[in-house]
Structures are given as C-alpha cells and as structure tokens.
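Dumped query.cif below, it's mmCIF, N, CA and C atoms:
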data_start
loop_
_atom_site.label_atom_id
_atom_site.label_comp_id
_atom_site.auth_asym_id
_atom_site.auth_seq_id
_atom_site.Cartn_x
_atom_site.Cartn_y
_atom_site.Cartn_z
N GLN A 1 -36.91 22.10 -25.03
CA GLN A 1 -36.93 20.70 -24.62
C GLN A 1 -36.24 20.56 -23.26
N VAL A 2 -36.91 19.90 -22.33
CA VAL A 2 -36.36 19.71 -20.99
C VAL A 2 -35.45 18.50 -20.99
N GLN A 3 -34.21 18.70 -20.62
CA GLN A 3 -33.29 17.58 -20.59
C GLN A 3 -32.04 17.91 -19.78
N LEU A 4 -31.35 16.86 -19.39
CA LEU A 4 -30.04 16.97 -18.77
C LEU A 4 -29.04 16.37 -19.75
N VAL A 5 -28.01 17.12 -20.04
CA VAL A 5 -27.01 16.68 -21.01
C VAL A 5 -25.68 16.45 -20.29
N GLN A 6 -25.21 15.24 -20.34
CA GLN A 6 -23.97 14.88 -19.68
C GLN A 6 -22.78 14.98 -20.63
N SER A 7 -21.63 15.27 -20.06
CA SER A 7 -20.39 15.28 -20.83
C SER A 7 -19.25 14.84 -19.91
N GLY A 8 -18.16 14.46 -20.53
CA GLY A 8 -17.02 13.95 -19.77
C GLY A 8 -17.03 12.43 -19.80
N GLY A 9 -16.18 11.84 -19.02
CA GLY A 9 -16.12 10.39 -18.95
C GLY A 9 -15.13 9.79 -19.92
N GLY A 10 -15.13 8.45 -19.97
CA GLY A 10 -14.22 7.74 -20.84
C GLY A 10 -13.39 6.72 -20.10
N LEU A 11 -12.21 6.48 -20.63
CA LEU A 11 -11.29 5.47 -20.09
C LEU A 11 -10.19 6.14 -19.29
N VAL A 12 -9.93 5.64 -18.10
CA VAL A 12 -8.87 6.19 -17.25
C VAL A 12 -8.18 5.06 -16.51
N GLN A 13 -6.92 5.26 -16.20
CA GLN A 13 -6.17 4.25 -15.45
C GLN A 13 -6.50 4.34 -13.97
N PRO A 14 -6.34 3.24 -13.26
CA PRO A 14 -6.56 3.29 -11.79
C PRO A 14 -5.70 4.38 -11.16
N GLY A 15 -6.33 5.10 -10.24
CA GLY A 15 -5.65 6.21 -9.60
C GLY A 15 -5.84 7.53 -10.30
N GLY A 16 -6.40 7.49 -11.49
CA GLY A 16 -6.60 8.70 -12.27
C GLY A 16 -7.84 9.47 -11.86
N SER A 17 -8.09 10.56 -12.57
CA SER A 17 -9.21 11.44 -12.27
C SER A 17 -10.01 11.74 -13.53
N LEU A 18 -11.29 12.00 -13.33
CA LEU A 18 -12.18 12.44 -14.40
C LEU A 18 -13.19 13.39 -13.80
N ARG A 19 -13.73 14.25 -14.66
CA ARG A 19 -14.82 15.10 -14.22
C ARG A 19 -15.99 14.96 -15.17
N LEU A 20 -17.14 14.72 -14.57
CA LEU A 20 -18.39 14.66 -15.33
C LEU A 20 -19.15 15.97 -15.17
N SER A 21 -19.81 16.38 -16.23
CA SER A 21 -20.67 17.56 -16.19
C SER A 21 -22.09 17.16 -16.54
N CYS A 22 -23.02 17.91 -15.99
CA CYS A 22 -24.44 17.65 -16.22
C CYS A 22 -25.10 19.01 -16.39
N ALA A 23 -25.49 19.33 -17.59
CA ALA A 23 -26.06 20.65 -17.89
C ALA A 23 -27.56 20.55 -18.11
N ALA A 24 -28.29 21.46 -17.47
CA ALA A 24 -29.73 21.49 -17.62
C ALA A 24 -30.12 22.32 -18.83
N SER A 25 -31.11 21.83 -19.54
CA SER A 25 -31.64 22.55 -20.70
C SER A 25 -33.14 22.55 -20.63
N GLY A 26 -33.74 23.75 -20.74
CA GLY A 26 -35.19 23.84 -20.74
C GLY A 26 -35.82 24.01 -19.37
N PHE A 27 -35.02 24.05 -18.32
CA PHE A 27 -35.56 24.31 -16.98
C PHE A 27 -34.47 24.94 -16.13
N ILE A 28 -34.90 25.54 -15.02
CA ILE A 28 -33.97 26.26 -14.15
C ILE A 28 -33.46 25.32 -13.08
N LEU A 29 -32.18 25.11 -13.09
CA LEU A 29 -31.58 24.13 -12.18
C LEU A 29 -31.67 24.55 -10.71
N ASP A 30 -31.84 25.85 -10.45
CA ASP A 30 -31.88 26.36 -9.08
C ASP A 30 -32.91 25.66 -8.22
N TYR A 31 -33.98 25.15 -8.82
CA TYR A 31 -35.08 24.59 -8.06
C TYR A 31 -34.99 23.07 -7.92
N TYR A 32 -33.84 22.52 -8.26
CA TYR A 32 -33.71 21.08 -8.28
C TYR A 32 -32.48 20.61 -7.51
N ALA A 33 -32.67 19.54 -6.74
CA ALA A 33 -31.53 18.80 -6.22
C ALA A 33 -31.02 17.90 -7.35
N ILE A 34 -29.74 17.62 -7.31
CA ILE A 34 -29.15 16.79 -8.34
C ILE A 34 -28.46 15.58 -7.71
N GLY A 35 -28.70 14.45 -8.31
CA GLY A 35 -28.03 13.23 -7.87
C GLY A 35 -27.22 12.63 -9.00
N TRP A 36 -26.15 11.98 -8.63
CA TRP A 36 -25.39 11.17 -9.58
C TRP A 36 -25.57 9.71 -9.19
N PHE A 37 -25.86 8.90 -10.17
CA PHE A 37 -26.07 7.48 -9.98
C PHE A 37 -25.14 6.72 -10.92
N ARG A 38 -24.96 5.45 -10.65
CA ARG A 38 -24.17 4.63 -11.56
C ARG A 38 -24.73 3.22 -11.59
N GLN A 39 -24.49 2.56 -12.69
CA GLN A 39 -24.93 1.17 -12.84
C GLN A 39 -23.84 0.40 -13.56
N ALA A 40 -23.31 -0.59 -12.87
CA ALA A 40 -22.30 -1.48 -13.45
C ALA A 40 -22.99 -2.68 -14.07
N PRO A 41 -22.37 -3.34 -15.01
CA PRO A 41 -22.98 -4.52 -15.64
C PRO A 41 -23.37 -5.57 -14.61
N GLY A 42 -24.60 -6.02 -14.70
CA GLY A 42 -25.07 -7.06 -13.80
C GLY A 42 -25.40 -6.60 -12.39
N LYS A 43 -25.32 -5.29 -12.16
CA LYS A 43 -25.60 -4.76 -10.82
C LYS A 43 -26.75 -3.76 -10.87
N GLU A 44 -27.34 -3.53 -9.73
CA GLU A 44 -28.41 -2.55 -9.64
C GLU A 44 -27.82 -1.14 -9.64
N ARG A 45 -28.65 -0.21 -10.05
CA ARG A 45 -28.24 1.19 -10.02
C ARG A 45 -28.06 1.64 -8.57
N GLU A 46 -27.03 2.42 -8.33
CA GLU A 46 -26.78 2.90 -6.97
C GLU A 46 -26.54 4.40 -6.99
N GLY A 47 -26.93 5.04 -5.91
CA GLY A 47 -26.67 6.47 -5.77
C GLY A 47 -25.21 6.68 -5.41
N VAL A 48 -24.60 7.66 -6.03
CA VAL A 48 -23.19 7.95 -5.80
C VAL A 48 -23.02 9.21 -4.96
N ALA A 49 -23.72 10.26 -5.35
CA ALA A 49 -23.60 11.54 -4.65
C ALA A 49 -24.81 12.39 -4.98
N CYS A 50 -25.09 13.35 -4.11
CA CYS A 50 -26.18 14.27 -4.39
C CYS A 50 -25.85 15.63 -3.80
N ILE A 51 -26.55 16.64 -4.30
CA ILE A 51 -26.35 18.00 -3.82
C ILE A 51 -27.69 18.69 -3.82
N SER A 52 -27.97 19.45 -2.79
CA SER A 52 -29.25 20.15 -2.70
C SER A 52 -29.29 21.30 -3.69
N ASN A 53 -30.48 21.85 -3.88
CA ASN A 53 -30.64 22.91 -4.88
C ASN A 53 -29.83 24.14 -4.53
N SER A 54 -29.69 24.41 -3.22
CA SER A 54 -28.98 25.62 -2.78
C SER A 54 -27.54 25.35 -2.39
N ASP A 55 -27.06 24.14 -2.67
CA ASP A 55 -25.66 23.79 -2.40
C ASP A 55 -25.35 23.73 -0.91
N THR A 56 -26.38 23.60 -0.08
CA THR A 56 -26.16 23.56 1.37
C THR A 56 -26.05 22.15 1.90
N SER A 57 -26.37 21.18 1.08
CA SER A 57 -26.34 19.79 1.51
C SER A 57 -25.74 18.92 0.42
N THR A 58 -24.78 18.10 0.82
CA THR A 58 -24.25 17.08 -0.08
C THR A 58 -24.22 15.75 0.64
N HIS A 59 -24.19 14.70 -0.12
CA HIS A 59 -24.14 13.36 0.45
C HIS A 59 -23.41 12.44 -0.51
N TYR A 60 -22.63 11.53 0.06
CA TYR A 60 -21.86 10.60 -0.77
C TYR A 60 -22.06 9.17 -0.30
N ALA A 61 -22.04 8.27 -1.25
CA ALA A 61 -22.02 6.86 -0.90
C ALA A 61 -20.68 6.56 -0.23
N ASP A 62 -20.69 5.61 0.69
CA ASP A 62 -19.46 5.27 1.41
C ASP A 62 -18.35 4.86 0.45
N SER A 63 -18.73 4.24 -0.65
CA SER A 63 -17.74 3.72 -1.60
C SER A 63 -16.96 4.82 -2.31
N VAL A 64 -17.48 6.06 -2.31
CA VAL A 64 -16.80 7.14 -3.02
C VAL A 64 -16.41 8.29 -2.10
N LYS A 65 -16.79 8.21 -0.86
CA LYS A 65 -16.53 9.29 0.08
C LYS A 65 -15.04 9.54 0.19
N GLY A 66 -14.65 10.81 0.10
CA GLY A 66 -13.24 11.17 0.16
C GLY A 66 -12.55 11.15 -1.18
N ARG A 67 -13.22 10.61 -2.21
CA ARG A 67 -12.62 10.54 -3.54
C ARG A 67 -13.40 11.37 -4.56
N PHE A 68 -14.72 11.41 -4.43
CA PHE A 68 -15.56 12.13 -5.37
C PHE A 68 -16.04 13.43 -4.72
N ILE A 69 -16.21 14.44 -5.56
CA ILE A 69 -16.73 15.72 -5.10
C ILE A 69 -17.82 16.18 -6.05
N ILE A 70 -18.99 16.46 -5.48
CA ILE A 70 -20.10 16.99 -6.28
C ILE A 70 -20.18 18.49 -6.04
N SER A 71 -20.43 19.23 -7.10
CA SER A 71 -20.55 20.68 -6.99
C SER A 71 -21.53 21.16 -8.05
N ARG A 72 -21.95 22.40 -7.90
CA ARG A 72 -22.88 22.95 -8.87
C ARG A 72 -22.61 24.42 -9.10
N ASP A 73 -22.95 24.87 -10.29
CA ASP A 73 -22.87 26.28 -10.66
C ASP A 73 -24.22 26.63 -11.25
N ASN A 74 -25.09 27.15 -10.40
CA ASN A 74 -26.46 27.45 -10.85
C ASN A 74 -26.48 28.52 -11.93
N ALA A 75 -25.49 29.39 -11.93
CA ALA A 75 -25.44 30.42 -12.96
C ALA A 75 -25.25 29.80 -14.33
N LYS A 76 -24.61 28.64 -14.36
CA LYS A 76 -24.39 27.93 -15.61
C LYS A 76 -25.33 26.74 -15.78
N ASP A 77 -26.24 26.58 -14.79
CA ASP A 77 -27.18 25.44 -14.84
C ASP A 77 -26.44 24.12 -15.03
N THR A 78 -25.36 23.97 -14.32
CA THR A 78 -24.52 22.80 -14.49
C THR A 78 -24.07 22.24 -13.14
N VAL A 79 -24.05 20.93 -13.06
CA VAL A 79 -23.55 20.22 -11.90
C VAL A 79 -22.36 19.37 -12.34
N TYR A 80 -21.40 19.23 -11.43
CA TYR A 80 -20.18 18.50 -11.74
C TYR A 80 -19.96 17.35 -10.76
N LEU A 81 -19.30 16.34 -11.23
CA LEU A 81 -18.84 15.26 -10.36
C LEU A 81 -17.35 15.05 -10.64
N GLN A 82 -16.53 15.51 -9.71
CA GLN A 82 -15.09 15.32 -9.82
C GLN A 82 -14.75 13.98 -9.19
N MET A 83 -14.15 13.11 -9.96
CA MET A 83 -13.84 11.76 -9.49
C MET A 83 -12.33 11.59 -9.45
N ASN A 84 -11.80 11.37 -8.26
CA ASN A 84 -10.36 11.21 -8.05
C ASN A 84 -10.05 9.81 -7.53
N SER A 85 -8.80 9.43 -7.63
CA SER A 85 -8.35 8.13 -7.13
C SER A 85 -9.26 7.01 -7.61
N LEU A 86 -9.55 7.02 -8.88
CA LEU A 86 -10.51 6.06 -9.44
C LEU A 86 -10.00 4.63 -9.34
N LYS A 87 -10.95 3.75 -9.11
CA LYS A 87 -10.66 2.32 -8.94
C LYS A 87 -11.39 1.53 -10.01
N PRO A 88 -10.94 0.35 -10.33
CA PRO A 88 -11.65 -0.48 -11.32
C PRO A 88 -13.12 -0.70 -10.95
N GLU A 89 -13.41 -0.77 -9.66
CA GLU A 89 -14.79 -0.98 -9.24
C GLU A 89 -15.68 0.25 -9.44
N ASP A 90 -15.09 1.36 -9.86
CA ASP A 90 -15.88 2.54 -10.22
C ASP A 90 -16.40 2.45 -11.66
N THR A 91 -15.97 1.45 -12.38
CA THR A 91 -16.43 1.28 -13.75
C THR A 91 -17.93 1.07 -13.81
N ALA A 92 -18.60 1.90 -14.58
CA ALA A 92 -20.06 1.86 -14.67
C ALA A 92 -20.54 2.92 -15.65
N VAL A 93 -21.81 2.88 -15.94
CA VAL A 93 -22.46 3.99 -16.63
C VAL A 93 -22.98 4.94 -15.56
N TYR A 94 -22.61 6.19 -15.69
CA TYR A 94 -22.99 7.20 -14.71
C TYR A 94 -24.12 8.07 -15.26
N TYR A 95 -25.09 8.37 -14.40
CA TYR A 95 -26.22 9.19 -14.77
C TYR A 95 -26.38 10.33 -13.77
N CYS A 96 -26.74 11.49 -14.28
CA CYS A 96 -27.18 12.56 -13.39
C CYS A 96 -28.70 12.64 -13.48
N ALA A 97 -29.29 13.15 -12.42
CA ALA A 97 -30.74 13.24 -12.36
C ALA A 97 -31.14 14.44 -11.52
N ALA A 98 -32.31 15.01 -11.80
CA ALA A 98 -32.79 16.20 -11.11
C ALA A 98 -34.11 15.92 -10.41
N ALA A 99 -34.21 16.35 -9.15
CA ALA A 99 -35.42 16.21 -8.36
C ALA A 99 -35.88 17.58 -7.90
N LEU A 100 -37.14 17.90 -8.14
CA LEU A 100 -37.69 19.19 -7.74
C LEU A 100 -37.56 19.38 -6.24
N ILE A 101 -37.19 20.58 -5.83
CA ILE A 101 -36.92 20.85 -4.42
C ILE A 101 -38.09 20.41 -3.54
N ARG A 102 -37.72 19.68 -2.50
CA ARG A 102 -38.72 19.18 -1.55
C ARG A 102 -38.14 19.06 -0.15
N TYR A 103 -36.85 18.64 -0.09
CA TYR A 103 -36.21 18.40 1.20
C TYR A 103 -34.98 19.28 1.35
N TYR A 104 -34.59 19.51 2.61
CA TYR A 104 -33.35 20.24 2.85
C TYR A 104 -32.15 19.35 2.55
N TYR A 105 -32.22 18.11 3.02
CA TYR A 105 -31.10 17.19 2.82
C TYR A 105 -31.32 16.39 1.54
N CYS A 106 -30.37 16.44 0.64
CA CYS A 106 -30.55 15.75 -0.63
C CYS A 106 -30.61 14.24 -0.45
N SER A 107 -30.07 13.72 0.64
CA SER A 107 -30.10 12.28 0.87
C SER A 107 -31.52 11.78 1.13
N ASN A 108 -32.46 12.67 1.37
CA ASN A 108 -33.85 12.27 1.63
C ASN A 108 -34.61 11.91 0.35
N TYR A 109 -34.07 12.29 -0.80
CA TYR A 109 -34.77 11.97 -2.05
C TYR A 109 -34.59 10.50 -2.40
N THR A 110 -35.68 9.87 -2.79
CA THR A 110 -35.58 8.52 -3.33
C THR A 110 -35.38 8.63 -4.84
N SER A 111 -34.90 7.58 -5.44
CA SER A 111 -34.62 7.63 -6.88
C SER A 111 -35.89 7.91 -7.68
N ASN A 112 -37.03 7.50 -7.14
CA ASN A 112 -38.29 7.74 -7.84
C ASN A 112 -38.66 9.21 -7.91
N GLU A 113 -38.06 10.02 -7.04
CA GLU A 113 -38.38 11.44 -7.02
C GLU A 113 -37.53 12.25 -8.00
N TYR A 114 -36.59 11.59 -8.63
CA TYR A 114 -35.79 12.28 -9.64
C TYR A 114 -36.56 12.25 -10.96
N THR A 115 -36.87 13.43 -11.45
CA THR A 115 -37.77 13.56 -12.59
C THR A 115 -37.03 13.48 -13.93
N TYR A 116 -35.92 14.19 -14.00
CA TYR A 116 -35.19 14.25 -15.25
C TYR A 116 -33.88 13.50 -15.11
N TRP A 117 -33.53 12.78 -16.16
CA TRP A 117 -32.31 11.98 -16.15
C TRP A 117 -31.44 12.31 -17.36
N GLY A 118 -30.15 12.28 -17.14
CA GLY A 118 -29.21 12.45 -18.24
C GLY A 118 -29.14 11.19 -19.09
N GLN A 119 -28.39 11.28 -20.16
CA GLN A 119 -28.33 10.18 -21.12
C GLN A 119 -27.38 9.06 -20.71
N GLY A 120 -26.58 9.30 -19.69
CA GLY A 120 -25.63 8.28 -19.24
C GLY A 120 -24.27 8.45 -19.89
N THR A 121 -23.23 8.18 -19.10
CA THR A 121 -21.85 8.29 -19.58
C THR A 121 -21.06 7.11 -19.07
N GLN A 122 -20.35 6.45 -19.96
CA GLN A 122 -19.55 5.29 -19.57
C GLN A 122 -18.23 5.75 -18.96
N ILE A 123 -17.94 5.22 -17.78
CA ILE A 123 -16.65 5.41 -17.12
C ILE A 123 -15.99 4.04 -17.00
N THR A 124 -14.81 3.91 -17.55
CA THR A 124 -14.08 2.65 -17.46
C THR A 124 -12.73 2.92 -16.82
N VAL A 125 -12.48 2.22 -15.72
CA VAL A 125 -11.22 2.36 -15.01
C VAL A 125 -10.44 1.06 -15.20
N SER A 126 -9.39 1.16 -15.96
CA SER A 126 -8.64 -0.04 -16.31
C SER A 126 -7.22 0.33 -16.74
N SER A 127 -6.29 -0.56 -16.45
CA SER A 127 -4.91 -0.35 -16.88
C SER A 127 -4.68 -1.04 -18.23
#

Rewritten as structure tokens:
Amino acid sequence: QVQLVQSGGGLVQPGGSLRLSCAASGFILDYYAIGWFRQAPGKEREGVACISNSDTSTHYADSVKGRFIISRDNAKDTVYLQMNSLKPEDTAVYYCAAALIRYYYCSNYTSNEYTYWGQGTQITVSS
C-alpha cells in the first residue's frame, strides 16, 4: 500500500521544539520531492517547507525561516521537520506530501503536484 505515515507532534509550550517524521511506505522516496504543509482552523493550507529528492534544494516559508529545518534520509525513506522556537501561531495540522521528481528546485512544485499525502498531525503551541 502506497502511503506516507506521519509521527511526532502534540502539545508544546511557546519556545519549545518538536520533530515531525514522514515515512514512505510502498514507494521509493528517492524519486520524490517532499513538502510540509499546515492548516490552521479557519485558514487555508499553506506550504511550510520543502526538500528536493536529492536533498540539493530546500525552501521555507518566511514565517518559519530560521526556526524550522527540513531534512531527509533516503536510506530510511523518511523526511523530518525539526521545529524550533515554536510560536502559538504555528498551531495547525501539519501534513507531509510527496511529488514525483520534475524540478530541480522544490519551490517550483505546486500543491496540486503532490501525489501522496500523510494523514496529518496536530501541533499545538500553548502555555
């Protein structure tokens, strides 16, 4: 079965850190760029970070730049999102998604080009 399985997340205090994992099952992650998205209540889904299939390109939304780090371990078919200095406005459901290799820069992928999506993970930043 082809799927992305997310783990991590939960409740954290402002200023804290969390790491999300996104593991591929049923396909080889090497051929896919990975994006992390989030959707807060009442807001549209937004791209948070992405990484190219070969780890040569990353991109971050301005709102998380300098605080979040995306990385991947193709040997483990897993992508990570390290989230530091978390703020209440980071509260949302986070999703990982995979797009078949097409571009060098992962920022060139539109959300419609992401084929596989994880199940979503709630991140709540609150004191």

Within 8 Å of region 46-48 of chain A, counting only C-alpha atoms, which residues show up once you throw out same-chain ones fewer than 2 positions away? Write them as an NGL selection string, please. :A and (35-39 or 44 or 50 or 60-61 or 64)

Would you pick out the contacts of Gly26 (chain A) at 8 Å or less, using all atoms listed in the file, so that residues sharing its chain but fewer than 5 positions from it are not included, and give the list as a compact mmCIF listing (two decimals) with N, CA and C atoms, keeping the file's coordinate frame?
# COMPACT_ATOMS: atom_id res chain seq x y z
N GLN A 1 -36.91 22.10 -25.03
CA GLN A 1 -36.93 20.70 -24.62
C GLN A 1 -36.24 20.56 -23.26
N VAL A 2 -36.91 19.90 -22.33
CA VAL A 2 -36.36 19.71 -20.99
C VAL A 2 -35.45 18.50 -20.99
N GLN A 3 -34.21 18.70 -20.62
CA GLN A 3 -33.29 17.58 -20.59
C GLN A 3 -32.04 17.91 -19.78
N LEU A 4 -31.35 16.86 -19.39
CA LEU A 4 -30.04 16.97 -18.77
C LEU A 4 -29.04 16.37 -19.75

Work out how far CA of Arg72 (chain A) is from CA of Val12 (chain A), in Å to one decimal. 23.4 Å

Quick one: distance from atom N of Ile28 (chain A) to atom N of Asp77 (chain A) in Å, one decimal? 8.7 Å

Hey, what comes out of the PyMOL selection byres ((chain A and resi 98-115) around 6) on this file? Could you write it as a PyMOL selection string? chain A and resi 31-35+50-52+57-59+96-97+116-117

Selection from above, N, CA and C atoms, as a PDB file, in the coordinates of the input, can you write it?
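Contents of the output file again10.pdb:
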ATOM      1  N   TYR A  31     -33.980  25.150  -8.820  1.00  0.00           N
ATOM      2  CA  TYR A  31     -35.080  24.590  -8.060  1.00  0.00           C
ATOM      3  C   TYR A  31     -34.990  23.070  -7.920  1.00  0.00           C
ATOM      4  N   TYR A  32     -33.840  22.520  -8.260  1.00  0.00           N
ATOM      5  CA  TYR A  32     -33.710  21.080  -8.280  1.00  0.00           C
ATOM      6  C   TYR A  32     -32.480  20.610  -7.510  1.00  0.00           C
ATOM      7  N   ALA A  33     -32.670  19.540  -6.740  1.00  0.00           N
ATOM      8  CA  ALA A  33     -31.530  18.800  -6.220  1.00  0.00           C
ATOM      9  C   ALA A  33     -31.020  17.900  -7.350  1.00  0.00           C
ATOM     10  N   ILE A  34     -29.740  17.620  -7.310  1.00  0.00           N
ATOM     11  CA  ILE A  34     -29.150  16.790  -8.340  1.00  0.00           C
ATOM     12  C   ILE A  34     -28.460  15.580  -7.710  1.00  0.00           C
ATOM     13  N   GLY A  35     -28.700  14.450  -8.310  1.00  0.00           N
ATOM     14  CA  GLY A  35     -28.030  13.230  -7.870  1.00  0.00           C
ATOM     15  C   GLY A  35     -27.220  12.630  -9.000  1.00  0.00           C
ATOM     16  N   CYS A  50     -25.090  13.350  -4.110  1.00  0.00           N
ATOM     17  CA  CYS A  50     -26.180  14.270  -4.390  1.00  0.00           C
ATOM     18  C   CYS A  50     -25.850  15.630  -3.800  1.00  0.00           C
ATOM     19  N   ILE A  51     -26.550  16.640  -4.300  1.00  0.00           N
ATOM     20  CA  ILE A  51     -26.350  18.000  -3.820  1.00  0.00           C
ATOM     21  C   ILE A  51     -27.690  18.690  -3.820  1.00  0.00           C
ATOM     22  N   SER A  52     -27.970  19.450  -2.790  1.00  0.00           N
ATOM     23  CA  SER A  52     -29.250  20.150  -2.700  1.00  0.00           C
ATOM     24  C   SER A  52     -29.290  21.300  -3.690  1.00  0.00           C
ATOM     25  N   SER A  57     -26.370  21.180   1.080  1.00  0.00           N
ATOM     26  CA  SER A  57     -26.340  19.790   1.510  1.00  0.00           C
ATOM     27  C   SER A  57     -25.740  18.920   0.420  1.00  0.00           C
ATOM     28  N   THR A  58     -24.780  18.100   0.820  1.00  0.00           N
ATOM     29  CA  THR A  58     -24.250  17.080  -0.080  1.00  0.00           C
ATOM     30  C   THR A  58     -24.220  15.750   0.640  1.00  0.00           C
ATOM     31  N   HIS A  59     -24.190  14.700  -0.120  1.00  0.00           N
ATOM     32  CA  HIS A  59     -24.140  13.360   0.450  1.00  0.00           C
ATOM     33  C   HIS A  59     -23.410  12.440  -0.510  1.00  0.00           C
ATOM     34  N   CYS A  96     -26.740  11.490 -14.280  1.00  0.00           N
ATOM     35  CA  CYS A  96     -27.180  12.560 -13.390  1.00  0.00           C
ATOM     36  C   CYS A  96     -28.700  12.640 -13.480  1.00  0.00           C
ATOM     37  N   ALA A  97     -29.290  13.150 -12.420  1.00  0.00           N
ATOM     38  CA  ALA A  97     -30.740  13.240 -12.360  1.00  0.00           C
ATOM     39  C   ALA A  97     -31.140  14.440 -11.520  1.00  0.00           C
ATOM     40  N   TYR A 116     -35.920  14.190 -14.000  1.00  0.00           N
ATOM     41  CA  TYR A 116     -35.190  14.250 -15.250  1.00  0.00           C
ATOM     42  C   TYR A 116     -33.880  13.500 -15.110  1.00  0.00           C
ATOM     43  N   TRP A 117     -33.530  12.780 -16.160  1.00  0.00           N
ATOM     44  CA  TRP A 117     -32.310  11.980 -16.150  1.00  0.00           C
ATOM     45  C   TRP A 117     -31.440  12.310 -17.360  1.00  0.00           C
TER      46      TRP A 117
END

Please, what distance in Å, to one decimal, runs between CA of Ala23 (chain A) and CA of Leu11 (chain A)? 21.3 Å

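The closest residue to Val79 (chain A), picked from A:Gly66, A:Pro14, A:Gly42, A:Gly118 and counting only C-alpha atoms, is A:Gly118.
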
Mind listing the strand (DSSP E or B) residues of chain A, per DSSP on the backbone, as an MDAnalysis selection string? chainID A and resid 3:7 10:12 18:25 32:39 46:51 58:60 68:73 78:83 92:100 116:117 121:125

So which residues get picked by the PyMOL selection byres ((chain A and resi 83) around 7) here, written as an MDAnalysis selection string? chainID A and resid 16:20 67:69 81:82 84:86

For the selection you just gave me, I'd like the residues written to a file as a CSV table (one decimal), in the coordinates of the input, keeping N, CA and C atoms.
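Dumped to selection-v9.csv:
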chain,number,residue,atom,x,y,z
A,16,GLY,N,-6.4,7.5,-11.5
A,16,GLY,CA,-6.6,8.7,-12.3
A,16,GLY,C,-7.8,9.5,-11.9
A,17,SER,N,-8.1,10.6,-12.6
A,17,SER,CA,-9.2,11.4,-12.3
A,17,SER,C,-10.0,11.7,-13.5
A,18,LEU,N,-11.3,12.0,-13.3
A,18,LEU,CA,-12.2,12.4,-14.4
A,18,LEU,C,-13.2,13.4,-13.8
A,19,ARG,N,-13.7,14.2,-14.7
A,19,ARG,CA,-14.8,15.1,-14.2
A,19,ARG,C,-16.0,15.0,-15.2
A,20,LEU,N,-17.1,14.7,-14.6
A,20,LEU,CA,-18.4,14.7,-15.3
A,20,LEU,C,-19.2,16.0,-15.2
A,67,ARG,N,-13.2,10.6,-2.2
A,67,ARG,CA,-12.6,10.5,-3.5
A,67,ARG,C,-13.4,11.4,-4.6
A,68,PHE,N,-14.7,11.4,-4.4
A,68,PHE,CA,-15.6,12.1,-5.4
A,68,PHE,C,-16.0,13.4,-4.7
A,69,ILE,N,-16.2,14.4,-5.6
A,69,ILE,CA,-16.7,15.7,-5.1
A,69,ILE,C,-17.8,16.2,-6.0
A,81,LEU,N,-19.3,16.3,-11.2
A,81,LEU,CA,-18.8,15.3,-10.4
A,81,LEU,C,-17.4,15.0,-10.6
A,82,GLN,N,-16.5,15.5,-9.7
A,82,GLN,CA,-15.1,15.3,-9.8
A,82,GLN,C,-14.8,14.0,-9.2
A,84,ASN,N,-11.8,11.4,-8.3
A,84,ASN,CA,-10.4,11.2,-8.0
A,84,ASN,C,-10.0,9.8,-7.5
A,85,SER,N,-8.8,9.4,-7.6
A,85,SER,CA,-8.4,8.1,-7.1
A,85,SER,C,-9.3,7.0,-7.6
A,86,LEU,N,-9.6,7.0,-8.9
A,86,LEU,CA,-10.5,6.1,-9.4
A,86,LEU,C,-10.0,4.6,-9.3
